[in-house]
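Asks: Mind looking over this structure? Questions follow.
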Amino acid sequence: MAVLHWAALILSFVAASHNRIGLVEASIGIGVCYGMLGNDLPSPTQVVNLYKTYGIGNMRLFDPNPEALQALRGSQIDVSIGIRNEDLPSLAVSQDAVNSWFATHVEPYLNDIVFNHITVGNEIIPGSSGNYVLPVMQYLQKILDDRSLAGIKVTTVVSGAALGVSYPPSSGAFTLEASSIMSGILPLLAQRGSPLMINVYPYFAYASDPVNVHLDYAQFTATSLVVQDGTLSYYNLFDAAVDAFIAAMEKVGGANVDVVVSESGWPSDGNGDFTTPELAGTYNRNFLKHITSKAGTPKRPGAYIEAYIFAMFNENQKPDGVEQHFGLFHPNMKPVYPVF
C-alpha cells in the first residue's frame, strides 16, 4: 500500500478542480484481501468459512501460505495468489527456479482450488527490484502454456507510485522508471488477455488535504460534477484514479488490457475523525455498489472491473495507525461495521 504516493498523485488533480449492499450480493467478481499480519487472527479454516458465510467469492493471498491453501481446498473460492517481492531476485534467475516455485505452491492444489491470478510482486514498480517482474512473468506463462492452464492469468500489482502524471485523468502517464518496465509487461498482458492489477485508495488523498479533496468525492456520494476532463465527467475520485492508470497503460502498449482493482478500502480508526467505522462502512458499501453496478468508468463505460476490498481483518502487527484498521472484521470475526 503506497500511502504517500497515492496522496500526492491524487491531490495533484483534485486540487486543480474542485445504499447499502451486502457482501453476500458481491460473490461474483468481488473479493477481499486476506492479510495475515496479526497474532490474534482466526485459523485459515475459520477464515475460509467466514468468506463462505458472507458469500465472498474471491480471495487475494499476498503469498502462498500453505495453511491457507490447504483450507481453501474444495471451497469454490477463486484465489489470486502472490509471489513475495523478496523471492523475485532468485526466481528471475532461471526457468527451473520458477518451475520449482510453481511445483511447490500451485501444482499440488490445482485439482481443488480455482486460481484466477498469480501476481508477480506487489507494488514493486518502480523500484530497484522492478526489473525482476517481467522475466518471472514470462517463466510462469511458459508453465501455464505447457500445462494448458489458460484460466490462470499472470500479472503484477502497481500502486499510484507508478504514475508520474495523474491529472487530468486522460493525461495519466507512468513515471519514466515505471514506463521502462511497464512497456515490457503490458504487451505481454495484452497478448495473453491478462489484466493489470492496480491499488486505488481515495482515502489517502482525502486525509492529506480535506480542503481540496472533498469527502463526497472520495466516498462516491457527490451529486454534482467535480472534474470535467474533455468529454469525460467525474463524480468520484475512484473513477478518476482508475482512468489515470488506463491512460498511462495506453501509452505503453496496454490499450486493450483490463484492470483489476487489487486493493481499495477505508480505515475505521487510527486518524481521528478521518477514520471512523461510519466512514469506512460508507466507502466500502458504495465501492461494492459501484463495482457490482458494472457502470465502468467514464473512460471505459459499462466495463466490469473485478475488485478486492482491503482487507478482511484488522491486523495488529502492521505499522501503528491506520494500517492496523482496514479490516471488515475484528479478529474475533465480528464485523467492524455493518456490511449488509
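Each chain of the C-alpha cells is named A, B, ... in the order shown, its residues numbered from 1; ligands are numbered from 1 in display order.
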Using only C-alpha atoms, I'd like a table of the residues in stretch 162-276 of chain A that come within 12 Å of stretch 79-90 of chain A; for each, show the closest atom pair and its distance in Å rounded to one decimal, ordered by chain and ascending number, as CSV.
Replies:
```
residue,atom,partner,partner_atom,distance
A:Met197,CA,A:Ser80,CA,10.8
A:Val260,CA,A:Ser80,CA,11.1
A:Ser262,CA,A:Ser80,CA,9.4
```
Asks: Create the file for the chosen residues now, containing C-alpha atoms and written as a PDB file, in the first residue's frame.
Replies:
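part_37.pdb written:
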```pdb
ATOM      1  CA  MET A 197      -3.748  -5.119 -11.050  1.00  0.00           C
ATOM      2  CA  VAL A 260      -8.364  -5.398 -11.681  1.00  0.00           C
ATOM      3  CA  SER A 262      -6.455  -5.437  -6.269  1.00  0.00           C
TER       4      SER A 262
END
```
Asks: Among the residues of stretch 185-320 of chain A, find those DSSP assigns to strand (DSSP E or B) from the backbone and print them as number ranges by chain.
Replies: A: 196-199, 227-229, 232-234, 259-264, 296, 301, 307-309, 313
Asks: Could you please take those selected residues and save N, CA and C atoms as an mmCIF file, in the first residue's frame?
Replies:
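Printed below is part15.cif as written:
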```
data_model
loop_
_atom_site.group_PDB
_atom_site.id
_atom_site.type_symbol
_atom_site.label_atom_id
_atom_site.label_comp_id
_atom_site.auth_asym_id
_atom_site.auth_seq_id
_atom_site.Cartn_x
_atom_site.Cartn_y
_atom_site.Cartn_z
ATOM 1 N N LEU A 196 -3.986 -5.927 -15.689
ATOM 2 C CA LEU A 196 -3.038 -5.313 -14.769
ATOM 3 C C LEU A 196 -3.769 -5.050 -13.465
ATOM 4 N N MET A 197 -3.143 -5.383 -12.349
ATOM 5 C CA MET A 197 -3.748 -5.119 -11.050
ATOM 6 C C MET A 197 -3.259 -3.772 -10.518
ATOM 7 N N ILE A 198 -4.213 -2.966 -10.025
ATOM 8 C CA ILE A 198 -3.895 -1.638 -9.518
ATOM 9 C C ILE A 198 -4.504 -1.460 -8.124
ATOM 10 N N ASN A 199 -3.774 -0.766 -7.252
ATOM 11 C CA ASN A 199 -4.267 -0.441 -5.920
ATOM 12 C C ASN A 199 -4.728 1.017 -5.906
ATOM 13 N N VAL A 227 -14.962 16.902 -11.599
ATOM 14 C CA VAL A 227 -13.875 17.078 -12.566
ATOM 15 C C VAL A 227 -14.407 16.856 -13.979
ATOM 16 N N GLN A 228 -14.203 17.832 -14.842
ATOM 17 C CA GLN A 228 -14.534 17.687 -16.252
ATOM 18 C C GLN A 228 -13.228 17.576 -17.032
ATOM 19 N N ASP A 229 -13.054 16.455 -17.704
ATOM 20 C CA ASP A 229 -11.830 16.189 -18.461
ATOM 21 C C ASP A 229 -12.228 15.965 -19.912
ATOM 22 N N LEU A 232 -15.174 13.720 -20.669
ATOM 23 C CA LEU A 232 -15.326 12.777 -19.554
ATOM 24 C C LEU A 232 -15.670 13.522 -18.266
ATOM 25 N N SER A 233 -16.741 13.074 -17.599
ATOM 26 C CA SER A 233 -17.225 13.730 -16.383
ATOM 27 C C SER A 233 -17.000 12.831 -15.178
ATOM 28 N N TYR A 234 -16.404 13.398 -14.127
ATOM 29 C CA TYR A 234 -16.056 12.602 -12.946
ATOM 30 C C TYR A 234 -16.810 13.091 -11.710
ATOM 31 N N VAL A 259 -8.161 -3.786 -16.242
ATOM 32 C CA VAL A 259 -7.597 -3.581 -14.917
ATOM 33 C C VAL A 259 -8.418 -4.360 -13.898
ATOM 34 N N VAL A 260 -7.735 -4.833 -12.871
ATOM 35 C CA VAL A 260 -8.364 -5.398 -11.681
ATOM 36 C C VAL A 260 -7.933 -4.513 -10.519
ATOM 37 N N VAL A 261 -8.885 -4.053 -9.732
ATOM 38 C CA VAL A 261 -8.537 -3.265 -8.550
ATOM 39 C C VAL A 261 -8.216 -4.239 -7.430
ATOM 40 N N SER A 262 -6.919 -4.420 -7.202
ATOM 41 C CA SER A 262 -6.455 -5.437 -6.269
ATOM 42 C C SER A 262 -6.547 -5.007 -4.816
ATOM 43 N N GLU A 263 -6.682 -3.704 -4.568
ATOM 44 C CA GLU A 263 -6.898 -3.190 -3.212
ATOM 45 C C GLU A 263 -7.647 -1.875 -3.289
ATOM 46 N N SER A 264 -8.644 -1.739 -2.437
ATOM 47 C CA SER A 264 -9.244 -0.445 -2.139
ATOM 48 C C SER A 264 -9.969 -0.594 -0.813
ATOM 49 N N GLY A 296 -18.658 0.731 -14.947
ATOM 50 C CA GLY A 296 -17.364 1.045 -15.509
ATOM 51 C C GLY A 296 -16.885 2.404 -15.049
ATOM 52 N N PRO A 301 -16.897 3.120 -20.107
ATOM 53 C CA PRO A 301 -18.252 2.935 -19.585
ATOM 54 C C PRO A 301 -18.781 1.535 -19.846
ATOM 55 N N ALA A 307 -12.681 -6.523 -8.505
ATOM 56 C CA ALA A 307 -12.121 -5.709 -7.439
ATOM 57 C C ALA A 307 -12.038 -6.486 -6.127
ATOM 58 N N TYR A 308 -11.125 -6.016 -5.276
ATOM 59 C CA TYR A 308 -10.902 -6.604 -3.956
ATOM 60 C C TYR A 308 -10.885 -5.508 -2.901
ATOM 61 N N ILE A 309 -11.625 -5.720 -1.826
ATOM 62 C CA ILE A 309 -11.561 -4.816 -0.680
ATOM 63 C C ILE A 309 -10.340 -5.168 0.158
ATOM 64 N N PHE A 313 -9.384 -8.478 7.780
ATOM 65 C CA PHE A 313 -9.253 -8.287 9.229
ATOM 66 C C PHE A 313 -8.407 -7.074 9.581
#
```
Asks: List the spatial neighbours of stretch 169-186 of chain A as a ChimeraX atom specification - criterion: any atom at most 9 Å away, only C-alpha atoms, same-chain residues fewer than 6 positions off excluded.
Replies: /A:13,125-127,130-131,133-134,137,155-156,161-163,195-196,229-230,232,240-255,257,299
Asks: How about saving the chosen residues, C-alpha atoms kept, as an mmCIF file, in the first residue's frame?
Replies:
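And here's again.cif as it stands now:
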```cif
data_model
loop_
_atom_site.group_PDB
_atom_site.id
_atom_site.type_symbol
_atom_site.label_atom_id
_atom_site.label_comp_id
_atom_site.auth_asym_id
_atom_site.auth_seq_id
_atom_site.Cartn_x
_atom_site.Cartn_y
_atom_site.Cartn_z
ATOM 1 C CA PHE A 13 -5.511 16.522 -9.994
ATOM 2 C CA ILE A 125 7.333 -0.992 -9.726
ATOM 3 C CA PRO A 126 9.024 1.482 -9.811
ATOM 4 C CA GLY A 127 11.919 0.290 -7.680
ATOM 5 C CA GLY A 130 11.092 -3.941 -10.661
ATOM 6 C CA ASN A 131 13.182 -5.422 -13.458
ATOM 7 C CA VAL A 133 8.985 -8.872 -12.647
ATOM 8 C CA LEU A 134 8.897 -9.438 -16.422
ATOM 9 C CA MET A 137 6.085 -13.479 -15.537
ATOM 10 C CA THR A 155 0.077 -10.251 -13.704
ATOM 11 C CA THR A 156 1.645 -7.809 -11.252
ATOM 12 C CA ALA A 161 3.697 5.380 -7.091
ATOM 13 C CA ALA A 162 3.941 4.116 -10.668
ATOM 14 C CA LEU A 163 2.142 7.191 -12.016
ATOM 15 C CA PRO A 195 -5.259 -7.763 -16.596
ATOM 16 C CA LEU A 196 -3.038 -5.313 -14.769
ATOM 17 C CA ASP A 229 -11.830 16.189 -18.461
ATOM 18 C CA GLY A 230 -12.754 16.933 -22.064
ATOM 19 C CA LEU A 232 -15.326 12.777 -19.554
ATOM 20 C CA ALA A 240 -10.602 9.377 -11.927
ATOM 21 C CA ALA A 241 -7.762 7.349 -10.434
ATOM 22 C CA VAL A 242 -8.619 4.208 -12.420
ATOM 23 C CA ASP A 243 -8.848 6.187 -15.645
ATOM 24 C CA ALA A 244 -5.469 7.813 -14.982
ATOM 25 C CA PHE A 245 -3.997 4.300 -14.844
ATOM 26 C CA ILE A 246 -5.786 3.312 -18.042
ATOM 27 C CA ALA A 247 -4.474 6.381 -19.867
ATOM 28 C CA ALA A 248 -0.954 5.556 -18.677
ATOM 29 C CA MET A 249 -1.343 1.977 -19.883
ATOM 30 C CA GLU A 250 -2.443 3.129 -23.330
ATOM 31 C CA LYS A 251 0.825 4.997 -23.763
ATOM 32 C CA VAL A 252 2.999 1.872 -23.320
ATOM 33 C CA GLY A 253 1.185 -0.886 -25.189
ATOM 34 C CA GLY A 254 -1.714 -1.576 -22.827
ATOM 35 C CA ALA A 255 -4.670 -0.039 -24.645
ATOM 36 C CA VAL A 257 -5.527 -4.504 -21.169
ATOM 37 C CA LYS A 299 -13.154 6.248 -19.989
#
```
Asks: Determine which residues of stretch 225-282 of chain A receive a DSSP assignment of helix (DSSP H, G or I), computed from the backbone, and state them as number ranges by chain.
Replies: A: 237-250, 272-274, 277-282
Asks: Put those residues in a file: C-alpha atoms, as a PDB file, in the first residue's frame.
Replies:
```pdb
ATOM      1  CA  LEU A 237     -12.208  10.064  -7.170  1.00  0.00           C
ATOM      2  CA  PHE A 238     -12.051   6.305  -7.653  1.00  0.00           C
ATOM      3  CA  ASP A 239     -13.065   6.549 -11.319  1.00  0.00           C
ATOM      4  CA  ALA A 240     -10.602   9.377 -11.927  1.00  0.00           C
ATOM      5  CA  ALA A 241      -7.762   7.349 -10.434  1.00  0.00           C
ATOM      6  CA  VAL A 242      -8.619   4.208 -12.420  1.00  0.00           C
ATOM      7  CA  ASP A 243      -8.848   6.187 -15.645  1.00  0.00           C
ATOM      8  CA  ALA A 244      -5.469   7.813 -14.982  1.00  0.00           C
ATOM      9  CA  PHE A 245      -3.997   4.300 -14.844  1.00  0.00           C
ATOM     10  CA  ILE A 246      -5.786   3.312 -18.042  1.00  0.00           C
ATOM     11  CA  ALA A 247      -4.474   6.381 -19.867  1.00  0.00           C
ATOM     12  CA  ALA A 248      -0.954   5.556 -18.677  1.00  0.00           C
ATOM     13  CA  MET A 249      -1.343   1.977 -19.883  1.00  0.00           C
ATOM     14  CA  GLU A 250      -2.443   3.129 -23.330  1.00  0.00           C
ATOM     15  CA  GLY A 272      -9.181  10.804  14.267  1.00  0.00           C
ATOM     16  CA  ASP A 273     -12.314  11.971  12.509  1.00  0.00           C
ATOM     17  CA  PHE A 274     -10.959  10.897   9.119  1.00  0.00           C
ATOM     18  CA  PRO A 277     -16.485   2.962  11.309  1.00  0.00           C
ATOM     19  CA  GLU A 278     -19.212   5.065   9.700  1.00  0.00           C
ATOM     20  CA  LEU A 279     -16.899   6.490   7.039  1.00  0.00           C
ATOM     21  CA  ALA A 280     -15.282   3.119   6.383  1.00  0.00           C
ATOM     22  CA  GLY A 281     -18.670   1.477   6.058  1.00  0.00           C
ATOM     23  CA  THR A 282     -19.935   4.156   3.697  1.00  0.00           C
TER      24      THR A 282
END
```
Asks: Might you pull out every residue within 7 Å of stretch 317-320 of chain A, with only C-alpha atoms counted and same-chain residues fewer than 5 positions away left off, and present them as a PyMOL selection string?
Replies: chain A and resi 37-39
Asks: Between A:Asn284, A:Thr53, A:Asn65, A:Ser208, which is the closest to A:Met36 once you count only C-alpha atoms?
Replies: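 Looking only at the distances to A:Met36, the closest residue turns out to be A:Asn65.
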Asks: Residues at most 12 Å from A:Ser43, counting only C-alpha atoms, excluding those fewer than 6 positions away in the same chain, as a PyMOL selection string?
Replies: chain A and resi 34+36+49-50+67-72+331-333
Asks: How would the residues just picked look written out with C-alpha atoms as a PDB file, in the first residue's frame?
Replies:
```pdb
ATOM      1  CA  TYR A  34      -6.739 -11.930   3.274  1.00  0.00           C
ATOM      2  CA  MET A  36      -2.155 -12.291   7.926  1.00  0.00           C
ATOM      3  CA  ASN A  49     -15.697 -20.468   6.377  1.00  0.00           C
ATOM      4  CA  LEU A  50     -16.216 -16.763   7.074  1.00  0.00           C
ATOM      5  CA  GLU A  67      -2.208 -23.420   5.765  1.00  0.00           C
ATOM      6  CA  ALA A  68      -4.479 -21.056   3.849  1.00  0.00           C
ATOM      7  CA  LEU A  69      -4.126 -23.065   0.656  1.00  0.00           C
ATOM      8  CA  GLN A  70      -4.946 -26.268   2.497  1.00  0.00           C
ATOM      9  CA  ALA A  71      -8.068 -24.658   3.971  1.00  0.00           C
ATOM     10  CA  LEU A  72      -9.142 -23.442   0.533  1.00  0.00           C
ATOM     11  CA  PRO A 331     -10.003 -10.882  14.718  1.00  0.00           C
ATOM     12  CA  ASN A 332     -12.935 -12.393  16.658  1.00  0.00           C
ATOM     13  CA  MET A 333     -14.753 -12.442  13.283  1.00  0.00           C
TER      14      MET A 333
END
```
